[in-house]
>>> print(open('run.txt').read())   # compact mmCIF, C-alpha atoms and all ligand atoms
# COMPACT_ATOMS: atom_id res chain seq x y z
CA MET A 1 118.36 64.41 104.60
CA ASN A 2 116.57 67.66 103.99
CA GLN A 3 115.18 68.77 107.33
CA GLU A 4 112.52 70.89 105.67
CA HIS A 5 110.68 67.81 104.59
CA LEU A 6 110.21 66.68 108.13
CA ALA A 7 107.28 67.78 110.22
CA VAL A 8 107.72 69.64 113.49
CA TYR A 9 106.24 67.98 116.54
CA GLU A 10 105.50 69.56 119.89
CA VAL A 11 106.42 67.44 122.86
CA PHE A 12 104.49 67.24 126.13
CA VAL A 13 105.80 65.34 129.13
CA ARG A 14 104.03 64.13 132.25
CA SER A 15 106.76 64.29 134.84
CA ASN A 16 104.91 62.20 137.39
CA ARG A 17 101.80 60.07 137.52
CA GLY A 18 98.81 62.22 138.33
CA LEU A 19 100.17 65.47 136.88
CA ASP A 20 99.21 67.25 133.66
CA HIS A 21 101.36 66.83 130.57
CA LYS A 22 103.48 69.98 130.16
CA HIS A 23 105.01 71.35 126.99
CA VAL A 24 108.76 70.83 127.01
CA GLY A 25 109.85 71.59 123.45
CA SER A 26 109.70 70.38 119.88
CA LEU A 27 111.55 68.28 117.34
CA HIS A 28 111.52 67.14 113.72
CA ALA A 29 110.32 63.67 112.81
CA GLU A 30 109.08 61.65 109.87
CA SER A 31 106.09 60.13 111.67
CA PRO A 32 104.29 60.40 115.00
CA GLU A 33 105.80 57.08 116.10
CA HIS A 34 109.30 58.31 115.37
CA ALA A 35 108.57 61.63 117.04
CA LEU A 36 107.70 59.68 120.16
CA MET A 37 110.98 57.79 120.10
CA TYR A 38 113.03 60.93 119.45
CA ALA A 39 111.19 62.69 122.25
CA ARG A 40 112.06 59.83 124.57
CA ASP A 41 115.70 60.06 123.54
CA CYS A 42 115.80 63.85 123.80
CA TYR A 43 113.56 64.91 126.58
CA ILE A 44 113.42 62.18 129.17
CA ARG A 45 116.95 60.85 129.11
CA ARG A 46 117.17 61.29 132.86
CA SER A 47 113.75 59.88 133.68
CA GLU A 48 112.14 63.30 133.54
CA GLY A 49 108.81 61.77 132.70
CA VAL A 50 106.49 58.81 132.82
CA SER A 51 104.45 59.66 129.73
CA ILE A 52 104.93 61.64 126.51
CA TRP A 53 102.49 63.17 124.06
CA VAL A 54 103.62 64.33 120.63
CA VAL A 55 101.46 66.48 118.39
CA GLU A 56 102.33 67.72 114.95
CA SER A 57 102.73 71.49 115.34
CA SER A 58 100.57 72.22 112.32
CA ASN A 59 97.70 70.56 114.18
CA ILE A 60 97.86 73.13 116.95
CA THR A 61 95.63 76.15 116.64
CA ALA A 62 97.00 78.94 118.80
CA SER A 63 96.07 82.46 119.77
CA THR A 64 98.54 85.07 118.62
CA GLU A 65 100.45 87.02 121.20
CA SER A 66 100.40 90.27 119.26
CA ASP A 67 96.62 90.15 119.55
CA VAL A 68 96.65 89.23 123.22
CA GLU A 69 95.02 92.47 124.28
CA ASN A 70 91.93 92.00 122.21
CA PHE A 71 91.88 88.35 123.12
CA VAL A 72 91.97 88.52 126.91
CA GLU A 73 91.25 92.15 127.71
CA PRO A 74 87.53 91.58 128.21
CA MET A 75 88.49 89.69 131.40
CA ASP A 76 90.33 92.63 132.97
CA ASP A 77 87.23 94.62 133.85
CA LYS A 78 85.69 91.69 135.74
CA PRO A 79 87.45 91.79 139.11
CA TYR A 80 84.42 90.14 140.70
CA ARG A 81 85.50 86.82 139.21
CA HIS A 82 88.25 86.70 141.84
CA ALA A 83 87.67 85.55 145.39
CA THR A 84 89.81 88.43 146.70
CA HIS A 85 87.23 90.89 145.39
CA TYR A 86 85.02 89.97 148.36
CA VAL A 87 86.17 91.28 151.72
CA LEU A 88 85.48 88.88 154.56
CA PRO A 89 84.50 90.05 158.04
CA GLU A 90 87.50 89.65 160.30
CA LYS A 91 86.02 86.90 162.43
CA VAL A 92 85.58 84.67 159.39
CA LYS A 93 89.20 83.81 158.90
CA ASN A 94 89.11 82.07 155.59
CA MET A 95 86.60 80.85 153.09
CA MET B 96 90.69 26.51 127.41
CA ILE B 97 94.28 27.66 127.27
CA SER B 98 93.32 31.14 126.13
CA MET B 99 90.77 31.32 128.95
CA ASP B 100 93.44 30.53 131.50
CA THR B 101 95.88 32.99 129.98
CA LYS B 102 93.22 35.63 130.10
CA THR B 103 92.53 34.92 133.75
CA ILE B 104 96.20 35.06 134.60
CA ASP B 105 96.69 38.27 132.64
CA GLU B 106 93.79 39.81 134.46
CA ALA B 107 95.10 38.75 137.82
CA VAL B 108 98.45 40.34 136.98
CA GLU B 109 96.78 43.55 135.84
CA LEU B 110 94.59 43.63 138.91
CA ALA B 111 97.59 43.27 141.16
CA LYS B 112 99.31 46.15 139.34
CA PHE B 113 96.19 48.27 139.63
CA GLU B 114 95.86 47.60 143.32
CA GLN B 115 99.52 48.37 143.85
CA LYS B 116 99.08 51.76 142.19
CA ILE B 117 96.13 52.52 144.44
CA ALA B 118 98.11 51.46 147.48
CA ASN B 119 101.05 53.67 146.41
CA GLU B 120 98.77 56.72 146.04
CA GLU B 121 99.44 56.76 142.30
CA LYS B 122 96.76 58.02 139.95
CA ILE B 123 94.94 55.77 137.52
CA GLU B 124 95.11 57.24 134.00
CA PRO B 125 92.68 56.64 131.11
CA SER B 126 94.98 54.25 129.25
CA ASP B 127 95.70 52.13 132.34
CA TRP B 128 94.02 48.79 132.87
CA MET B 129 91.29 49.06 135.50
CA PRO B 130 88.62 46.68 136.81
CA GLU B 131 85.27 47.13 135.09
CA ALA B 132 83.65 47.83 138.45
CA TYR B 133 86.13 50.66 139.09
CA ARG B 134 85.38 52.16 135.69
CA LYS B 135 81.64 51.98 136.35
CA ASN B 136 82.01 53.40 139.83
CA VAL B 137 84.04 56.40 138.63
CA ILE B 138 81.70 57.02 135.68
CA ARG B 139 78.75 57.01 138.08
CA GLN B 140 80.34 59.45 140.48
CA MET B 141 81.85 61.79 137.88
CA SER B 142 78.79 61.98 135.65
CA GLN B 143 76.61 62.60 138.69
CA HIS B 144 78.98 65.40 139.62
CA ALA B 145 78.84 66.84 136.08
CA HIS B 146 75.04 66.69 136.02
CA SER B 147 74.95 68.54 139.35
CA GLU B 148 77.01 71.39 137.93
CA ILE B 149 74.67 71.71 134.96
CA ILE B 150 71.33 71.29 136.75
CA GLY B 151 72.65 73.58 139.50
CA MET B 152 72.65 76.44 136.99
CA GLN B 153 68.84 76.46 137.00
CA PRO B 154 67.96 77.61 140.53
CA GLU B 155 70.54 80.41 140.31
CA GLY B 156 69.86 81.28 136.68
CA ASN B 157 66.32 81.90 137.84
CA TRP B 158 67.51 85.13 139.53
CA ILE B 159 69.88 86.58 136.96
CA THR B 160 67.29 88.92 135.47
CA ARG B 161 66.01 89.87 138.92
CA ALA B 162 69.30 90.51 140.72
CA PRO B 163 68.92 93.76 142.70
CA THR B 164 71.82 95.69 141.12
CA LEU B 165 73.90 95.58 137.97
CA ARG B 166 76.90 94.43 139.97
CA ARG B 167 74.93 91.57 141.51
CA LYS B 168 73.70 90.62 138.07
CA ALA B 169 77.23 90.53 136.66
CA VAL B 170 78.49 88.50 139.62
CA LEU B 171 75.68 85.96 139.44
CA LEU B 172 75.99 85.63 135.68
CA SER B 173 79.68 85.03 136.07
CA LYS B 174 79.14 82.40 138.73
CA VAL B 175 76.57 80.53 136.66
CA GLN B 176 78.97 80.64 133.70
CA ASP B 177 81.62 79.05 135.90
CA GLU B 178 79.24 76.21 136.78
CA GLY B 179 78.64 75.56 133.09
CA GLY B 180 82.41 75.34 132.71
CA HIS B 181 82.64 72.91 135.62
CA GLY B 182 80.08 70.72 133.89
CA LEU B 183 82.23 70.79 130.77
CA TYR B 184 85.47 69.89 132.60
CA LEU B 185 83.72 66.99 134.29
CA TYR B 186 81.87 65.63 131.25
CA SER B 187 85.11 65.72 129.26
CA ALA B 188 87.04 64.01 132.03
CA THR B 189 84.31 61.34 132.30
CA GLU B 190 84.50 60.71 128.56
CA THR B 191 88.08 59.50 129.03
CA LEU B 192 86.49 56.40 130.59
CA GLY B 193 84.79 55.46 127.35
CA ILE B 194 81.29 56.83 127.81
CA THR B 195 79.94 59.44 125.38
CA ARG B 196 78.40 62.80 126.18
CA SER B 197 75.11 61.77 124.59
CA GLU B 198 74.94 58.64 126.73
CA MET B 199 75.41 60.73 129.85
CA ILE B 200 72.81 63.29 128.83
CA GLU B 201 70.40 60.51 127.98
CA ALA B 202 70.96 58.96 131.43
CA LEU B 203 70.26 62.30 133.07
CA GLN B 204 67.14 63.00 131.07
CA SER B 205 65.72 59.53 131.59
CA ARG B 206 66.48 59.87 135.33
CA LYS B 207 68.81 56.87 135.35
CA ALA B 208 71.58 59.18 136.53
CA LYS B 209 71.21 61.33 139.61
CA TYR B 210 72.40 64.82 140.48
CA ALA B 211 72.74 66.60 143.82
CA SER B 212 69.27 66.59 145.35
CA ILE B 213 69.66 70.14 146.65
CA PHE B 214 68.98 71.53 143.19
CA ASN B 215 65.45 70.19 143.40
CA TYR B 216 64.56 72.99 145.82
CA PRO B 217 63.24 76.31 144.49
CA THR B 218 64.92 79.71 144.89
CA LEU B 219 62.10 81.77 146.33
CA THR B 220 63.83 85.01 147.31
CA TRP B 221 67.04 86.88 146.51
CA ALA B 222 68.44 85.68 149.84
CA ASP B 223 68.31 82.15 148.46
CA ILE B 224 71.04 83.14 146.01
CA GLY B 225 73.15 84.17 148.99
CA ALA B 226 72.37 80.95 150.86
CA ILE B 227 73.22 78.81 147.84
CA GLY B 228 76.57 80.46 147.17
CA TRP B 229 77.52 80.34 150.81
CA LEU B 230 76.13 76.96 151.92
CA VAL B 231 75.70 74.86 148.78
CA ASP B 232 78.96 75.90 147.16
CA GLY B 233 80.53 75.80 150.61
CA ALA B 234 79.49 72.18 151.06
CA ALA B 235 80.60 71.39 147.50
CA ILE B 236 84.03 72.88 148.25
CA VAL B 237 84.49 70.71 151.33
CA ASN B 238 83.72 67.67 149.20
CA GLN B 239 85.76 68.78 146.20
CA ILE B 240 88.87 69.60 148.21
CA SER B 241 88.97 65.99 149.38
CA LEU B 242 88.39 64.83 145.78
CA GLN B 243 91.55 66.58 144.61
CA ARG B 244 93.18 63.42 145.92
CA THR B 245 90.83 60.99 144.17
CA SER B 246 92.57 58.06 142.48
CA TYR B 247 91.35 58.76 138.94
CA GLY B 248 93.84 61.21 137.40
CA PRO B 249 91.56 63.26 135.11
CA TYR B 250 89.01 63.62 137.93
CA ALA B 251 91.65 64.77 140.40
CA ARG B 252 93.02 67.35 137.97
CA ALA B 253 89.53 68.65 137.14
CA MET B 254 88.94 69.07 140.89
CA VAL B 255 92.07 71.17 141.30
CA ARG B 256 90.90 73.48 138.54
CA ILE B 257 87.35 73.65 139.92
CA CYS B 258 88.40 74.32 143.51
CA LYS B 259 90.39 77.34 142.36
CA GLU B 260 87.20 78.83 140.94
CA GLU B 261 84.86 77.88 143.77
CA SER B 262 86.09 80.21 146.47
CA PHE B 263 84.67 83.22 144.61
CA HIS B 264 81.30 81.43 144.53
CA GLN B 265 81.14 80.96 148.25
CA ARG B 266 82.35 84.46 149.07
CA GLN B 267 79.87 86.22 146.80
CA GLY B 268 77.08 84.24 148.47
CA TYR B 269 78.32 85.09 151.92
CA GLU B 270 78.53 88.75 150.95
CA ILE B 271 74.87 88.70 149.93
CA MET B 272 73.94 87.06 153.23
CA TYR B 273 76.05 89.49 155.24
CA GLU B 274 74.47 92.55 153.69
CA LEU B 275 70.95 91.22 154.13
CA ALA B 276 71.64 90.11 157.69
CA HIS B 277 72.89 93.62 158.49
CA GLY B 278 70.12 95.36 156.59
CA THR B 279 66.51 96.10 157.54
CA PRO B 280 64.62 93.70 159.83
CA VAL B 281 62.76 92.40 156.80
CA GLN B 282 66.02 91.74 154.93
CA LYS B 283 67.47 90.02 157.97
CA GLN B 284 64.39 87.83 158.21
CA MET B 285 64.78 86.96 154.55
CA ALA B 286 68.37 85.86 155.15
CA GLN B 287 67.33 83.80 158.16
CA ASP B 288 64.56 82.11 156.20
CA ALA B 289 66.84 81.29 153.25
CA MET B 290 69.47 79.80 155.55
CA ASN B 291 66.88 77.77 157.44
CA ARG B 292 65.57 76.25 154.21
CA PHE B 293 68.97 75.50 152.65
CA TRP B 294 70.74 74.30 155.79
CA TRP B 295 69.31 70.79 155.93
CA PRO B 296 69.51 70.01 152.21
CA SER B 297 73.13 71.24 152.35
CA LEU B 298 73.90 68.67 155.04
CA MET B 299 72.23 66.02 152.88
CA MET B 300 74.61 66.87 150.02
CA PHE B 301 77.26 64.77 151.76
CA GLY B 302 75.11 61.69 151.31
CA PRO B 303 73.75 59.13 153.78
CA HIS B 304 75.48 58.32 157.05
CA ASP B 305 78.53 56.13 156.56
CA ALA B 306 76.75 53.08 157.92
CA ASP B 307 73.96 53.41 155.32
CA SER B 308 75.92 54.52 152.28
CA ALA B 309 75.54 52.06 149.40
CA HIS B 310 78.65 52.93 147.39
CA SER B 311 80.94 54.35 150.04
CA GLY B 312 82.86 51.26 151.15
CA GLN B 313 84.24 50.27 147.77
CA SER B 314 84.78 53.90 146.73
CA ILE B 315 86.92 54.49 149.79
CA LEU B 316 88.91 51.30 149.21
CA TRP B 317 89.62 52.36 145.63
CA LYS B 318 90.34 55.88 146.87
CA VAL B 319 87.75 57.32 144.51
CA LYS B 320 86.32 58.93 147.64
CA ARG B 321 88.93 60.02 150.16
CA GLU B 322 86.87 60.92 153.21
CA SER B 323 83.65 59.51 154.55
CA ASN B 324 80.32 61.32 154.20
CA ASP B 325 80.03 61.91 157.93
CA PHE B 326 83.58 63.20 158.26
CA LEU B 327 83.03 65.80 155.52
CA ARG B 328 79.60 66.77 156.87
CA GLN B 329 81.08 67.38 160.31
CA LYS B 330 83.79 69.55 158.80
CA PHE B 331 81.14 71.62 157.06
CA ILE B 332 79.06 72.04 160.22
CA ASP B 333 82.10 73.07 162.23
CA GLN B 334 83.18 75.73 159.75
CA SER B 335 79.65 77.06 159.25
CA VAL B 336 78.80 77.80 162.89
CA VAL B 337 81.23 80.70 163.24
CA GLN B 338 80.07 82.05 159.88
CA ILE B 339 76.47 82.00 161.10
CA GLU B 340 77.51 83.83 164.27
CA VAL B 341 79.19 86.56 162.24
CA LEU B 342 76.00 86.99 160.26
CA GLY B 343 74.16 87.43 163.56
CA LEU B 344 71.52 84.91 162.55
CA GLU B 345 69.98 82.24 164.72
CA LEU B 346 71.31 78.72 164.25
CA PRO B 347 69.16 76.74 161.81
CA ASP B 348 69.30 73.74 164.12
CA PRO B 349 68.59 74.31 167.84
CA GLU B 350 70.52 71.15 168.71
CA ILE B 351 73.84 72.54 167.49
CA VAL B 352 76.08 72.67 170.54
CA TRP B 353 79.86 72.53 171.03
CA ASN B 354 81.08 69.17 172.27
CA GLU B 355 84.30 69.74 174.15
CA GLU B 356 85.13 66.07 174.31
CA ARG B 357 84.81 65.45 170.57
CA GLY B 358 86.19 68.84 169.59
CA HIS B 359 83.26 69.22 167.20
CA TYR B 360 79.75 70.62 167.14
CA ASP B 361 76.95 68.16 167.82
CA SER B 362 73.82 68.63 165.78
CA GLY B 363 70.27 67.36 165.37
CA PRO B 364 69.07 64.41 163.28
CA ILE B 365 68.72 64.76 159.51
CA ASP B 366 65.40 63.90 157.91
CA TRP B 367 66.55 61.05 155.67
CA ASP B 368 63.02 60.33 154.50
CA GLU B 369 63.01 63.74 152.89
CA PHE B 370 66.39 63.03 151.30
CA LYS B 371 65.14 59.75 149.82
CA ARG B 372 61.95 61.32 148.60
CA VAL B 373 63.75 64.22 146.89
CA ILE B 374 66.57 62.19 145.35
CA ASN B 375 64.04 59.74 143.96
CA GLY B 376 62.04 62.40 142.16
CA GLY B 377 59.64 63.69 144.83
CA GLY B 378 61.22 67.08 145.53
CA PRO B 379 59.50 70.36 144.70
CA CYS B 380 61.40 70.93 141.43
CA ASN B 381 62.61 67.53 140.12
CA TYR B 382 60.09 67.48 137.31
CA GLN B 383 60.76 71.08 136.33
CA ARG B 384 64.56 70.65 136.33
CA ILE B 385 64.56 67.75 133.89
CA LYS B 386 61.82 69.24 131.79
CA HIS B 387 63.82 72.45 131.46
CA HIS B 388 66.99 70.54 130.64
CA LYS B 389 65.23 68.66 127.85
CA LYS B 390 63.74 71.87 126.48
CA ALA B 391 67.07 73.74 126.53
CA HIS B 392 68.80 70.74 124.97
CA GLN B 393 66.20 70.52 122.21
CA GLU B 394 66.27 74.22 121.54
CA GLY B 395 70.03 74.03 121.18
CA GLU B 396 69.83 71.34 118.54
CA TRP B 397 70.06 73.84 115.66
CA VAL B 398 73.40 75.04 117.05
CA ARG B 399 74.81 71.53 117.16
CA GLU B 400 73.47 70.93 113.69
CA ALA B 401 75.16 74.08 112.42
CA VAL B 402 78.43 73.01 114.03
CA ARG B 403 78.25 69.61 112.34
CA ALA B 404 77.45 71.18 108.98
CA TYR B 405 80.37 73.60 109.34
CA ARG B 406 82.72 70.77 110.21
CA LEU B 407 81.62 68.76 107.21
CA LYS B 408 82.08 71.77 104.95
CA GLN B 409 85.61 72.37 106.29
CA GLN B 410 86.50 68.73 105.75
CA THR B 411 85.31 68.67 102.15
CA LYS B 412 87.10 71.97 101.54
CA ASN B 413 90.36 70.52 102.84
CA VAL B 414 90.03 67.47 100.66
CA ALA B 415 89.32 69.53 97.54
FE FE C 501 80.84 74.17 140.45
FE FE C 502 80.29 76.73 142.45
>>> encode(input="run.txt", output="structure tokens")
Amino acid sequence: MNQEHLAVYEVFVRSNRGLDHKHVGSLHAESPEHALMYARDCYIRRSEGVSIWVVESSNITASTESDVENFVEPMDDKPYRHATHYVLPEKVKNM
Amino acid sequence: MISMDTKTIDEAVELAKFEQKIANEEKIEPSDWMPEAYRKNVIRQMSQHAHSEIIGMQPEGNWITRAPTLRRKAVLLSKVQDEGGHGLYLYSATETLGITRSEMIEALQSRKAKYASIFNYPTLTWADIGAIGWLVDGAAIVNQISLQRTSYGPYARAMVRICKEESFHQRQGYEIMYELAHGTPVQKQMAQDAMNRFWWPSLMMFGPHDADSAHSGQSILWKVKRESNDFLRQKFIDQSVVQIEVLGLELPDPEIVWNEERGHYDSGPIDWDEFKRVINGGGPCNYQRIKHHKKAHQEGEWVREAVRAYRLKQQTKNVA
């Protein structure tokens, strides 16, 4: 079978109940249902997860890393968004 | 008849599974079966929490243009932006339970849904911005830290994200208070006055005493709430006293005194009549808060309309 005719799916696994799904990799599949089965067979063969999400890669809109500076730089000159920017008097141990 | 029985048995099985998960400290996820009453209970609590984040932007937003320096303005703006984000996290997480954003907004605007009663008090002076960051966010943090362990997965994860952002909120407020309290006598008096006014409503944020709390019992059993109102309130009082001492201000409650035996501070009685009056619409700003929310929502309608039009255009483009 010609692989190029298959869609690429991104696979996200929730390793334990209560945690976020995390990206673990991708695979080729002919339908979302099959992608889910392949993901099961590939990515959680040793019970690495309790839940899987698959998303066709072409459905993901992503920022581009080459443009990362323009994309996130505006945050760098805002140190006051961090708690550590505010110095606490010594007697107040934590806040 | 047979299908009825099967349904009852199925439900009993599901209920047992659900209760087992709760007992095992496992999270309940959106696709899991859950009792209707649990769903309702979590929707009530989460949407109330979301509304509080959004309405809470008003008393602070009130001072953005009047912040005393550019730095203070940037900090306050940034904090209020965070609160808008918290509202978004929480509304989205609540939607996983099958309620829509419009339904929640409608419930808020028609006063069917509540929000933290503290936001019905006005911000009269710049020191109020300090008192809110320090005390109101401080009280919210105490509550939210315990909610990181709530049984509903999306709620718990939203709390983890929110708690990470909150500590900046409290510290910037405390910084404002500290500088005022160590400034001129007039500034110090302003700080004292702001603390005195926000102290009691901050204590009320934890809700009624455990014995009088309508929803607490079931919420604790389902582990939606992890600690009792009184436990969290005490924690807040204990941590605040040393912070007040460092500010060099007088205690807002003359009955606060260390109780060696309990290992906690004792404190004076809370005016629950005031709490009831304010939460039920009789506070100084209830009317204004909802009125402003409706106005802002209405004035934003053209943006939502533009977004819908754009989406439609993209869809037809893709089809063509
Ligand atoms: Fe918040
Ligand atoms: Fe906050």
>>> closest_residue(input="run.txt", among="B:Ile236, B:Leu242, B:Ile315, B:Ala188", to="ligand FE 501 (chain C)", atoms="all atoms listed in the file")
B:Ile236
>>> residues_near_point(input="run.txt", point="(89.7, 86.4, 145.3)", cutoff="12 Å", atoms="all atoms listed in the file", output="VMD selection string")
(chain A and resid 78 to 88 94 to 95) or (chain B and resid 259 to 267)
>>> residues_near_ligand(input="run.txt", ligand="ligand FE 502 (chain C)", cutoff="10 Å", atoms="all atoms listed in the file", output="PyMOL selection string")
chain B and resi 148+151-152+174-179+181+227-229+231-236+257-258+260-265
>>> closest_atom_pairs(input="run.txt", of="chain B", to="chain A", cutoff="10 Å", atoms="only C-alpha atoms", output="JSON lines")
{"residue": "B:Lys116", "atom": "CA", "partner": "A:Arg17", "partner_atom": "CA", "distance": 9.9}
{"residue": "B:Glu120", "atom": "CA", "partner": "A:Gly18", "partner_atom": "CA", "distance": 9.5}
{"residue": "B:Glu121", "atom": "CA", "partner": "A:Arg17", "partner_atom": "CA", "distance": 6.3}
{"residue": "B:Lys122", "atom": "CA", "partner": "A:Gly18", "partner_atom": "CA", "distance": 4.9}
{"residue": "B:Ile123", "atom": "CA", "partner": "A:Gly18", "partner_atom": "CA", "distance": 7.6}
{"residue": "B:Glu124", "atom": "CA", "partner": "A:Gly18", "partner_atom": "CA", "distance": 7.6}
{"residue": "B:Arg166", "atom": "CA", "partner": "A:Tyr80", "partner_atom": "CA", "distance": 8.7}
{"residue": "B:Arg167", "atom": "CA", "partner": "A:Tyr80", "partner_atom": "CA", "distance": 9.6}
{"residue": "B:Ala169", "atom": "CA", "partner": "A:Tyr80", "partner_atom": "CA", "distance": 8.3}
{"residue": "B:Val170", "atom": "CA", "partner": "A:Tyr80", "partner_atom": "CA", "distance": 6.2}
{"residue": "B:Leu171", "atom": "CA", "partner": "A:Tyr80", "partner_atom": "CA", "distance": 9.8}
{"residue": "B:Ser173", "atom": "CA", "partner": "A:Arg81", "partner_atom": "CA", "distance": 6.9}
{"residue": "B:Lys174", "atom": "CA", "partner": "A:Arg81", "partner_atom": "CA", "distance": 7.8}
{"residue": "B:Asp177", "atom": "CA", "partner": "A:Arg81", "partner_atom": "CA", "distance": 9.3}
{"residue": "B:Trp229", "atom": "CA", "partner": "A:Met95", "partner_atom": "CA", "distance": 9.4}
{"residue": "B:Gly233", "atom": "CA", "partner": "A:Met95", "partner_atom": "CA", "distance": 8.3}
{"residue": "B:Ile236", "atom": "CA", "partner": "A:Met95", "partner_atom": "CA", "distance": 9.7}
{"residue": "B:Arg244", "atom": "CA", "partner": "A:Gly18", "partner_atom": "CA", "distance": 9.5}
{"residue": "B:Thr245", "atom": "CA", "partner": "A:Gly18", "partner_atom": "CA", "distance": 10.0}
{"residue": "B:Ser246", "atom": "CA", "partner": "A:Gly18", "partner_atom": "CA", "distance": 8.6}
{"residue": "B:Tyr247", "atom": "CA", "partner": "A:Gly18", "partner_atom": "CA", "distance": 8.2}
{"residue": "B:Gly248", "atom": "CA", "partner": "A:Gly18", "partner_atom": "CA", "distance": 5.2}
{"residue": "B:Pro249", "atom": "CA", "partner": "A:Gly18", "partner_atom": "CA", "distance": 8.0}
{"residue": "B:Tyr250", "atom": "CA", "partner": "A:Gly18", "partner_atom": "CA", "distance": 9.9}
{"residue": "B:Ala251", "atom": "CA", "partner": "A:Gly18", "partner_atom": "CA", "distance": 7.9}
{"residue": "B:Arg252", "atom": "CA", "partner": "A:Leu19", "partner_atom": "CA", "distance": 7.5}
{"residue": "B:Lys259", "atom": "CA", "partner": "A:Ala83", "partner_atom": "CA", "distance": 9.2}
{"residue": "B:Glu260", "atom": "CA", "partner": "A:His82", "partner_atom": "CA", "distance": 8.0}
{"residue": "B:Glu261", "atom": "CA", "partner": "A:Ala83", "partner_atom": "CA", "distance": 8.3}
{"residue": "B:Ser262", "atom": "CA", "partner": "A:Ala83", "partner_atom": "CA", "distance": 5.7}
{"residue": "B:Phe263", "atom": "CA", "partner": "A:Ala83", "partner_atom": "CA", "distance": 3.9}
{"residue": "B:His264", "atom": "CA", "partner": "A:Ala83", "partner_atom": "CA", "distance": 7.6}
{"residue": "B:Gln265", "atom": "CA", "partner": "A:Met95", "partner_atom": "CA", "distance": 7.3}
{"residue": "B:Arg266", "atom": "CA", "partner": "A:Tyr86", "partner_atom": "CA", "distance": 6.2}
{"residue": "B:Gln267", "atom": "CA", "partner": "A:Tyr86", "partner_atom": "CA", "distance": 6.6}
{"residue": "B:Gly268", "atom": "CA", "partner": "A:Tyr86", "partner_atom": "CA", "distance": 9.8}
{"residue": "B:Tyr269", "atom": "CA", "partner": "A:Leu88", "partner_atom": "CA", "distance": 8.5}
{"residue": "B:Glu270", "atom": "CA", "partner": "A:Tyr86", "partner_atom": "CA", "distance": 7.1}
{"residue": "B:Tyr273", "atom": "CA", "partner": "A:Pro89", "partner_atom": "CA", "distance": 8.9}
{"residue": "B:Gln334", "atom": "CA", "partner": "A:Met95", "partner_atom": "CA", "distance": 9.1}
{"residue": "B:Ser335", "atom": "CA", "partner": "A:Val92", "partner_atom": "CA", "distance": 9.6}
{"residue": "B:Val337", "atom": "CA", "partner": "A:Val92", "partner_atom": "CA", "distance": 7.0}
{"residue": "B:Gln338", "atom": "CA", "partner": "A:Val92", "partner_atom": "CA", "distance": 6.1}
{"residue": "B:Ile339", "atom": "CA", "partner": "A:Val92", "partner_atom": "CA", "distance": 9.6}
{"residue": "B:Glu340", "atom": "CA", "partner": "A:Lys91", "partner_atom": "CA", "distance": 9.2}
{"residue": "B:Val341", "atom": "CA", "partner": "A:Lys91", "partner_atom": "CA", "distance": 6.8}
{"residue": "B:Leu342", "atom": "CA", "partner": "A:Pro89", "partner_atom": "CA", "distance": 9.3}
>>> residues_around(input="run.txt", residues="Val137 of chain B", least_positions_apart="2", cutoff="9 Å", atoms="only C-alpha atoms", output="ChimeraX atom specification")
/B:132-135,139-142,189,192,247,250,314,319
>>> residues_around(input="run.txt", residues="Ala7 of chain A", least_positions_apart="5", cutoff="10 Å", atoms="only C-alpha atoms", output="list in words")
Leu27, His28, Ala29, Glu30, Ser31, Pro32, Ala35, Glu56, Ser57 and Ser58 of chain A
>>> closest_residue(input="run.txt", among="A:Tyr38, A:Thr64, A:Pro74, A:Tyr9", to="Ser26 of chain A", atoms="only C-alpha atoms")
A:Tyr9
>>> closest_residue(input="run.txt", among="B:Thr191, B:Ser297, B:Gln243, B:Ser126", to="Glu322 of chain B", atoms="all atoms listed in the file")
B:Gln243
>>> residues_around(input="run.txt", residues="Glu198 of chain B", least_positions_apart="6", cutoff="12 Å", atoms="only C-alpha atoms", output="PyMOL selection string")
chain B and resi 138+142+186+189-190+204-205+207-208
>>> closest_residue(input="run.txt", among="A:Val55, A:His21, A:Ile60, A:Val13", to="Arg40 of chain A", atoms="only C-alpha atoms")
A:Val13
>>> closest_residue(input="run.txt", among="B:Ser212, B:Leu219, B:Gln239, B:Thr160", to="ligand FE 501 (chain C)", atoms="all atoms listed in the file")
B:Gln239
>>> residues_around(input="run.txt", residues="Glu350 of chain B", least_positions_apart="5", cutoff="9 Å", atoms="only C-alpha atoms", output="VMD selection string")
chain B and resid 361 to 364
